Structures are given as structure tokens and as C-alpha cells.
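This report refers to the structure that appears directly beneath it.
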Amino acid sequence: LSRVLSQSASSAIDPTLTNVELTHGQAKGFELALRRFVEDCITQSDCPLPRDVQGGLDRIQQFFDDVDAAPLATGDKKRPLTQSLAQNAVLSYLYFPPFDWEQLRYGLSSAFDGDGSVLLSMLDERLQRNEAGQYADNSNAALYAVNALDRPDRPTAAESQVLADQWSKEAPVFGAFLAWGNLPFQYWGAEATGKPHAITAPGSPKILVVGTTYDPATPYPWAQALAKQL
């Protein structure tokens, strides 16, 4: 998931936010992105979802629940498509319409038919994982290291459960999944060296802050907040 969330970090981040607050914003951002995908999908001839938005969202949630109970075969006995892999795959293809969305329709259609190999290969491609199980770089580990050192908040398992329950009300499909994504910080071996704080630039020329309206990983309000601080 960390690689997925780092791919679109070209928009601004609000430096006052904690790790939990950042992930909360992403949970809502990805829920909105999923809704937009479903709204588009039901207008396409190859859409595997029911032809109404809520029905489409429910179908995707049911799919995640189903693969949690019974992971899908992928042709690799050591790597069935589990719930976490499926959720990561869908998350990673919610960015760029129409190309990403076309691929996601195909991946979901194959998975609904019992073939998990397409979503798994899509995720591997996005994470730059080769057939030998090697990754092109260390982005996954690096992002956790950077965030763990930049911000001191590290929710426990009990606190993560509370967040998962709360966020599921705002983001029914992705809220709990992303809430649990903060748990590795609890076990990071090094103390944080930074903390969230506002950034100012007194005396500087005007600074242009760029944000994109529907980027789920770096939501637009973060760019607005940074611009206001500067």
C-alpha cells in the first residue's frame, strides 16, 4: 500500500497533519475516487458491475469480503489473490482515467469470474515487482521509514481498531483497510525526529502550490492548507 500511496505524491501535503490525519484524508479520497470509477464504469459496455452506483460499490465490497474468506487462484499456488492484495490492486488503479479505469474494469471482470491473476499482475506491475519476487527499488520500506521519523503518532492495535470502526462510516469500502495501514508505525524501531508543524515563508515572492482536485492520495484540501500557511 505504501508504494500505491507514494505514486501520486506530486501534489502538496499539509505539513500540519499527523500520520493518522493524513491517512484519514486518503481514506475519504479513495472512497470518492472509487465512486467516480463506478459512476464511469456503469456507462461502459464492458463494466462488470450492476448498473447503479450504490449497487456497484456494494459489489466491490462483497468481492473484497469474498476473497477474504476464499482467496482466488492466480496460477501461482504460493500467491493467491487475498483480500489485501485485491484491495491494493484496486486502490492502485483509481488514479488515471481512462487508462487505469479501463484496466481496472478488466481486472475486476476477470476476478468476478474467478481468475485472480489479472489483478495480481496489475498490482505487481504497479509496484514494479518482477517474477522472481524482486522490486525495482525500496520505495515501500522507505515511505514507512520517512513517515515514522517525520511524525510521532503511532496508533496501537486497539487504537487502530477504533479508527477502523469510525472511518468505515465515512469510507465503507476503504476506511478500515487504510486505518490499519498505520499499525506498522507502532513497531518502528527508531523514534520520530520531527513533528507536524505549519510552514511559513515570510518575505518570499508568491509561491505557487499545485494540487489536483481528485487525487485520492494527496487530496486537494491539503494544497489549499499549504497555500494558506505560506
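Chains: A, B, ... in order of the C-alpha cells. Residues: from 1 per chain. Ligands: from 1, in order shown.
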
I'd like the contact shell of Asp52 in chain A - 9 Å cut-off, only C-alpha atoms, skipping same-chain residues fewer than 4 positions apart - returned as JSON, numbers by chain. {"A": [38, 39, 42, 56, 57]}

Which residue, A:Gly181, A:Thr193, A:Leu149, A:Ala225, has the smallest gap to Gln161 in chain A when you use only C-alpha atoms?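 Selected residue with least distance to Gln161 in chain A: A:Gly181.
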
So which bits of range 50-168 of chain A end up helix (DSSP H, G or I) when you DSSP the backbone, as a ChimeraX atom specification? /A:53-69,83-92,99-112,117-127,139-150,157-168

From A:Gly29, A:Pro71, A:Pro98, A:Gly203, residue lying nearest Asp215 in chain A [only C-alpha atoms]: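 Checking each of A:Gly29, A:Pro71, A:Pro98, A:Gly203 against Asp215 in chain A, counting only C-alpha atoms, the winner is A:Gly29.
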
Find, counting only C-alpha atoms, the residue in A:Ser121, A:Thr18, A:Thr200, A:Asp137 that gets nearest to Asp76 in chain A.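 Closest to Asp76 in chain A, using only C-alpha atoms: A:Ser121.
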
Residues within 9 Å of Ser160 in chain A, only C-alpha atoms, excluding chain neighbours under 6 positions, as a ChimeraX atom specification: /A:176,179-183

How far is it from CA of Phe96 in chain A to CA of Leu22 in chain A, in Å with one decimal?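 That distance, rounded to one decimal, is 21.2 Å.
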
10 Å contact set for Asn147 in chain A, only C-alpha atoms, chain neighbours under 6 positions out, as a ChimeraX atom specification: /A:18-19,153,182,185,192,194

Dump C-alpha atoms for the selected residues as a PDB file, in the first residue's frame?
```pdb
ATOM      1  CA  THR A  18      -0.334  13.702  11.724  1.00  0.00           C
ATOM      2  CA  ASN A  19       0.078  10.259  10.173  1.00  0.00           C
ATOM      3  CA  ASP A 153       1.905   9.449  16.262  1.00  0.00           C
ATOM      4  CA  ASN A 182      -0.860   2.942  10.276  1.00  0.00           C
ATOM      5  CA  PHE A 185       4.461   2.693  12.844  1.00  0.00           C
ATOM      6  CA  ALA A 192      10.482  10.221  15.419  1.00  0.00           C
ATOM      7  CA  GLY A 194      10.114  15.532  13.500  1.00  0.00           C
TER       8      GLY A 194
END
```

Lys195 in chain A environment, 7 Å, only C-alpha atoms, sequence neighbours closer than 3 positions dropped, as a CSV table (one decimal) with all heavy atoms, in the first residue's frame:
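Okay, this is what ended up in part11.csv:
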```
chain,number,residue,atom,x,y,z
A,150,ASP,N,9.1,11.4,10.5
A,150,ASP,CA,8.6,12.7,10.4
A,150,ASP,C,7.5,13.0,11.4
A,150,ASP,O,7.4,14.2,11.8
A,150,ASP,CB,8.0,12.9,9.0
A,150,ASP,CG,9.1,13.2,7.9
A,150,ASP,OD1,10.2,13.4,8.3
A,150,ASP,OD2,8.7,13.3,6.7
A,151,ARG,N,6.8,12.0,11.8
A,151,ARG,CA,5.6,12.3,12.7
A,151,ARG,C,5.6,11.2,13.8
A,151,ARG,O,5.7,10.0,13.6
A,151,ARG,CB,4.3,12.2,11.9
A,151,ARG,CG,4.3,13.2,10.7
A,151,ARG,CD,3.1,13.0,9.8
A,151,ARG,NE,3.2,13.7,8.6
A,151,ARG,CZ,3.9,13.3,7.5
A,151,ARG,NH1,4.4,12.1,7.4
A,151,ARG,NH2,3.9,14.1,6.4
A,152,PRO,N,5.4,11.7,15.0
A,152,PRO,CA,5.5,10.8,16.2
A,152,PRO,C,4.3,9.9,16.5
A,152,PRO,O,4.4,9.0,17.3
A,152,PRO,CB,5.8,11.7,17.3
A,152,PRO,CG,5.1,13.0,17.0
A,152,PRO,CD,5.2,13.1,15.5
```

Of the candidates A:Ser45, A:Met122, A:Arg154, A:Arg129, which shows the shortest atom-to-atom distance to Gly189 in chain A, using only C-alpha atoms? A:Arg154
